[in-house]
Amino acid sequence: MRILAGRFKGQSIATSRKLSYRPTQTRIRKSIFDRIAPYQYDSVLDLFAGSGIMGFEASSRGAKSVTLVENNKKSLTLLKENSQKFQGVDFQCIHCDAIKYLKRENAFDLIFADPPYGCYNTDGLVKTILDRLSNQGKFVLECPATQQPYPNTVNVIFGYTRIMIWTKE
């Protein structure tokens with residue numbers, strides 16, 4: 001997997017077939033970053049980080065700090081190794097359940113969440129994440145296409161995947 005754009009364009013991200021994550025497809029990543037342009041997000045949170053590709057892509061486009069939250073220890077080890085490839089970006093790789101992490105007092109300019117499908121109460125997750133979003137920040141949720149869209153979101157469907165984007169006013 002490679003970074004699509006920005007100062008680290010073309011940089012490869014190591015992944016493992018032995019891990020059970022579902023990296024965001026290239027065409028979906030491109031669409032998301034096109035929709036949140038112009039890029040102006042200093043602090044980024046990548047929940048359920050998996051491969052971390054969304055956080056790494058954000059770092060390439062100008063994020064100063066990226067927090068990758070992952071509950072799987074093997075995925076976290078790979079995230080830490082990959083984060084060393086990106087000089088000048090403050091990465092934090094956190095081993096924690098995403099919901100527990102969100103209970104901390106942090107605000108972020110951009111939050112990505114791609115929870116395992118069917119494993120979380122989406123309404124509760126969305127409310128908690130929006131509470132942790134900075135004013136004028138954006139929240140991007142990747143979920144099954146069958147998920148009902150929320151009001152006041154940008155919605156795009158790619159096959160079995162729905163992307164919803166909120167802007168906090």
# chains A, B, ... in the order shown; residues from 1 in each chain; ligands from 1
>>> residues_around(residues="stretch 63-67 of chain A", least_positions_apart="5", cutoff="10 Å", atoms="only C-alpha atoms", output="ChimeraX atom specification")
/A:39-47,49,52,54-58,83,88-94,108-111
>>> write_last_selection(atoms="N, CA, C and O atoms", output="short mmCIF file (atom, residue, chain, number, x, y, z; two decimals), in the first residue's frame")
data_model
loop_
_atom_site.label_atom_id
_atom_site.label_comp_id
_atom_site.auth_asym_id
_atom_site.auth_seq_id
_atom_site.Cartn_x
_atom_site.Cartn_y
_atom_site.Cartn_z
N TYR A 39 -6.78 20.72 2.51
CA TYR A 39 -6.33 20.05 3.73
C TYR A 39 -5.77 21.07 4.70
O TYR A 39 -4.82 21.77 4.40
N GLN A 40 -6.37 21.17 5.89
CA GLN A 40 -5.93 22.12 6.91
C GLN A 40 -6.17 21.58 8.31
O GLN A 40 -6.71 22.26 9.16
N TYR A 41 -5.75 20.34 8.53
CA TYR A 41 -6.02 19.67 9.80
C TYR A 41 -4.70 19.32 10.46
O TYR A 41 -3.97 18.46 9.98
N ASP A 42 -4.40 20.00 11.57
CA ASP A 42 -3.13 19.78 12.26
C ASP A 42 -3.13 18.51 13.10
O ASP A 42 -2.17 17.76 13.12
N SER A 43 -4.23 18.26 13.83
CA SER A 43 -4.29 17.11 14.73
C SER A 43 -5.30 16.10 14.20
O SER A 43 -6.45 16.43 13.95
N VAL A 44 -4.84 14.86 14.01
CA VAL A 44 -5.65 13.82 13.39
C VAL A 44 -5.74 12.62 14.33
O VAL A 44 -4.75 12.23 14.94
N LEU A 45 -6.93 12.05 14.40
CA LEU A 45 -7.16 10.83 15.16
C LEU A 45 -7.65 9.76 14.20
O LEU A 45 -8.63 9.96 13.48
N ASP A 46 -6.96 8.63 14.16
CA ASP A 46 -7.36 7.48 13.35
C ASP A 46 -7.77 6.37 14.31
O ASP A 46 -6.92 5.70 14.88
N LEU A 47 -9.08 6.23 14.50
CA LEU A 47 -9.63 5.21 15.40
C LEU A 47 -9.78 3.89 14.66
O LEU A 47 -10.07 3.89 13.47
N ALA A 49 -7.45 1.93 13.89
CA ALA A 49 -6.46 2.29 12.87
C ALA A 49 -6.09 1.16 11.92
O ALA A 49 -5.83 1.41 10.75
N GLY A 52 -3.40 1.81 9.54
CA GLY A 52 -3.02 3.20 9.76
C GLY A 52 -2.97 4.04 8.50
O GLY A 52 -2.55 5.20 8.55
N MET A 54 -5.05 5.75 6.78
CA MET A 54 -5.70 7.07 6.78
C MET A 54 -4.86 8.09 7.55
O MET A 54 -4.68 9.21 7.12
N GLY A 55 -4.32 7.69 8.69
CA GLY A 55 -3.46 8.58 9.47
C GLY A 55 -2.17 8.89 8.74
O GLY A 55 -1.69 10.02 8.74
N PHE A 56 -1.57 7.88 8.08
CA PHE A 56 -0.33 8.11 7.33
C PHE A 56 -0.58 9.02 6.14
O PHE A 56 0.22 9.91 5.83
N GLU A 57 -1.71 8.85 5.48
CA GLU A 57 -2.06 9.73 4.35
C GLU A 57 -2.25 11.16 4.84
O GLU A 57 -1.79 12.12 4.22
N ALA A 58 -2.89 11.32 6.00
CA ALA A 58 -3.09 12.65 6.58
C ALA A 58 -1.75 13.30 6.92
O ALA A 58 -1.56 14.50 6.73
N SER A 83 5.29 4.19 11.32
CA SER A 83 5.34 5.61 11.70
C SER A 83 6.76 6.16 11.68
O SER A 83 6.96 7.37 11.52
N GLY A 88 9.25 14.33 10.92
CA GLY A 88 8.63 15.64 11.10
C GLY A 88 7.17 15.58 11.51
O GLY A 88 6.51 16.61 11.57
N VAL A 89 6.65 14.40 11.77
CA VAL A 89 5.26 14.25 12.21
C VAL A 89 5.29 13.58 13.57
O VAL A 89 6.00 12.61 13.79
N ASP A 90 4.51 14.11 14.50
CA ASP A 90 4.41 13.54 15.84
C ASP A 90 3.34 12.45 15.83
O ASP A 90 2.15 12.74 15.72
N PHE A 91 3.78 11.19 15.87
CA PHE A 91 2.87 10.06 15.90
C PHE A 91 2.75 9.53 17.32
O PHE A 91 3.74 9.41 18.02
N GLN A 92 1.51 9.18 17.70
CA GLN A 92 1.27 8.45 18.93
C GLN A 92 0.50 7.19 18.54
O GLN A 92 -0.56 7.29 17.90
N CYS A 93 1.05 6.06 18.89
CA CYS A 93 0.40 4.78 18.62
C CYS A 93 -0.11 4.26 19.95
O CYS A 93 0.68 3.94 20.84
N ILE A 94 -1.42 4.21 20.09
CA ILE A 94 -2.06 3.90 21.36
C ILE A 94 -2.73 2.54 21.30
O ILE A 94 -3.57 2.29 20.42
N PHE A 108 -9.74 16.95 18.30
CA PHE A 108 -8.96 16.76 17.09
C PHE A 108 -9.59 17.53 15.95
O PHE A 108 -10.81 17.73 15.92
N ASP A 109 -8.76 17.92 14.98
CA ASP A 109 -9.25 18.64 13.81
C ASP A 109 -9.88 17.70 12.79
O ASP A 109 -10.75 18.10 12.02
N LEU A 110 -9.40 16.46 12.75
CA LEU A 110 -9.88 15.48 11.79
C LEU A 110 -9.88 14.11 12.47
O LEU A 110 -8.88 13.73 13.07
N ILE A 111 -11.02 13.43 12.38
CA ILE A 111 -11.13 12.10 12.99
C ILE A 111 -11.63 11.12 11.93
O ILE A 111 -12.64 11.37 11.26
#
>>> select_by_dssp(residues="stretch 3-137 of chain A", states="alpha helix (DSSP H)", output="VMD selection string")
chain A and resid 26 to 35 53 to 60 73 to 83 98 to 102 122 to 131
>>> select_by_dssp(residues="chain A", states="strand (DSSP E)", output="number ranges by chain")
A: 43-47, 65-70, 90-95, 108-113, 133-144, 154-158, 161-167
>>> residues_around(residues="A:Thr128", least_positions_apart="6", cutoff="9 Å", atoms="only C-alpha atoms", output="ChimeraX atom specification")
/A:99,102-103
>>> write_last_selection(atoms="N, CA and C atoms", output="tab-separated table (two decimals), in the first residue's frame")
chain	number	residue	atom	x	y	z
A	99	ILE	N	-13.45	3.23	22.08
A	99	ILE	CA	-14.45	3.89	22.92
A	99	ILE	C	-13.82	4.38	24.22
A	102	LEU	N	-11.79	7.48	23.55
A	102	LEU	CA	-12.61	8.68	23.30
A	102	LEU	C	-13.10	9.34	24.58
A	103	LYS	N	-13.07	8.62	25.69
A	103	LYS	CA	-13.52	9.19	26.96
A	103	LYS	C	-12.51	10.19	27.53
>>> closest_residue(among="A:Ile3, A:Leu79, A:Ile28, A:Ser16", to="A:Tyr160", atoms="only C-alpha atoms")
A:Ile28
>>> closest_residue(among="A:Ser31, A:Thr167, A:Ser51, A:Asn82", to="A:Asn152", atoms="only C-alpha atoms")
A:Thr167
>>> residues_around(residues="A:Ala5", least_positions_apart="5", cutoff="12 Å", atoms="only C-alpha atoms", output="mmCIF file with C-alpha atoms, in the first residue's frame")
data_model
loop_
_atom_site.group_PDB
_atom_site.id
_atom_site.type_symbol
_atom_site.label_atom_id
_atom_site.label_comp_id
_atom_site.auth_asym_id
_atom_site.auth_seq_id
_atom_site.Cartn_x
_atom_site.Cartn_y
_atom_site.Cartn_z
ATOM 1 C CA GLY A 10 4.675 7.012 -3.046
ATOM 2 C CA GLN A 11 5.965 5.938 0.386
ATOM 3 C CA SER A 12 4.984 2.340 1.017
ATOM 4 C CA THR A 26 -7.207 3.439 -2.745
ATOM 5 C CA ARG A 29 -9.071 7.155 0.230
ATOM 6 C CA LYS A 30 -8.702 9.414 -2.794
ATOM 7 C CA PHE A 33 -9.258 13.342 0.790
ATOM 8 C CA ASP A 34 -10.696 15.085 -2.282
ATOM 9 C CA TYR A 39 -6.335 20.051 3.729
ATOM 10 C CA MET A 54 -5.701 7.069 6.777
ATOM 11 C CA PHE A 56 -0.328 8.112 7.334
ATOM 12 C CA GLU A 57 -2.063 9.728 4.349
ATOM 13 C CA ALA A 58 -3.086 12.650 6.580
ATOM 14 C CA SER A 59 0.515 13.065 7.753
ATOM 15 C CA SER A 60 1.659 13.255 4.145
ATOM 16 C CA ARG A 61 -0.858 16.022 3.479
ATOM 17 C CA GLY A 62 0.262 18.214 6.364
#
>>> residues_around(residues="A:Pro144", least_positions_apart="6", cutoff="7 Å", atoms="only C-alpha atoms", output="list in words")
Tyr117, Tyr160, Thr161 and Arg162 of chain A
>>> closest_residue(among="A:Arg27, A:Ile36, A:Val69, A:Lys85", to="A:Phe8", atoms="only C-alpha atoms")
A:Lys85
>>> atom_distance(atom1="atom CA of A:Tyr150", atom2="atom CA of A:Leu4")
28.5 Å
>>> closest_residue(among="A:Ile165, A:Glu70, A:Leu76, A:Ile32", to="A:Thr15", atoms="only C-alpha atoms")
A:Leu76
>>> atom_distance(atom1="atom CA of A:Met164", atom2="atom CA of A:Val140")
5.8 Å
>>> residues_around(residues="A:Leu133", least_positions_apart="2", cutoff="6 Å", atoms="only C-alpha atoms", output="PyMOL selection string")
chain A and resi 107-108+130-131+137
>>> residues_around(residues="A:Pro116", least_positions_apart="4", cutoff="9 Å", atoms="only C-alpha atoms", output="ChimeraX atom specification")
/A:21-22,48,120,143
>>> write_last_selection(atoms="N, CA, C and O atoms", output="PDB file, in the first residue's frame")
ATOM      1  N   TYR A  21      -7.315  -6.826   9.563  1.00  0.00           N
ATOM      2  CA  TYR A  21      -7.872  -5.503   9.320  1.00  0.00           C
ATOM      3  C   TYR A  21      -8.310  -5.383   7.874  1.00  0.00           C
ATOM      4  O   TYR A  21      -8.017  -6.230   7.038  1.00  0.00           O
ATOM      5  N   ARG A  22      -9.041  -4.305   7.595  1.00  0.00           N
ATOM      6  CA  ARG A  22      -9.617  -4.058   6.281  1.00  0.00           C
ATOM      7  C   ARG A  22      -9.173  -2.654   5.852  1.00  0.00           C
ATOM      8  O   ARG A  22      -9.875  -1.681   6.075  1.00  0.00           O
ATOM      9  N   PHE A  48      -9.627   2.791  15.376  1.00  0.00           N
ATOM     10  CA  PHE A  48      -9.670   1.470  14.748  1.00  0.00           C
ATOM     11  C   PHE A  48      -8.650   1.487  13.602  1.00  0.00           C
ATOM     12  O   PHE A  48      -8.948   1.117  12.468  1.00  0.00           O
ATOM     13  N   TYR A 120     -20.213  -2.243  16.855  1.00  0.00           N
ATOM     14  CA  TYR A 120     -20.372  -1.066  17.707  1.00  0.00           C
ATOM     15  C   TYR A 120     -21.726  -0.427  17.473  1.00  0.00           C
ATOM     16  O   TYR A 120     -22.269  -0.476  16.368  1.00  0.00           O
ATOM     17  N   CYS A 143     -18.384   2.787   6.988  1.00  0.00           N
ATOM     18  CA  CYS A 143     -19.319   1.815   7.540  1.00  0.00           C
ATOM     19  C   CYS A 143     -19.954   1.018   6.396  1.00  0.00           C
ATOM     20  O   CYS A 143     -19.744   1.328   5.222  1.00  0.00           O
TER      21      CYS A 143
END
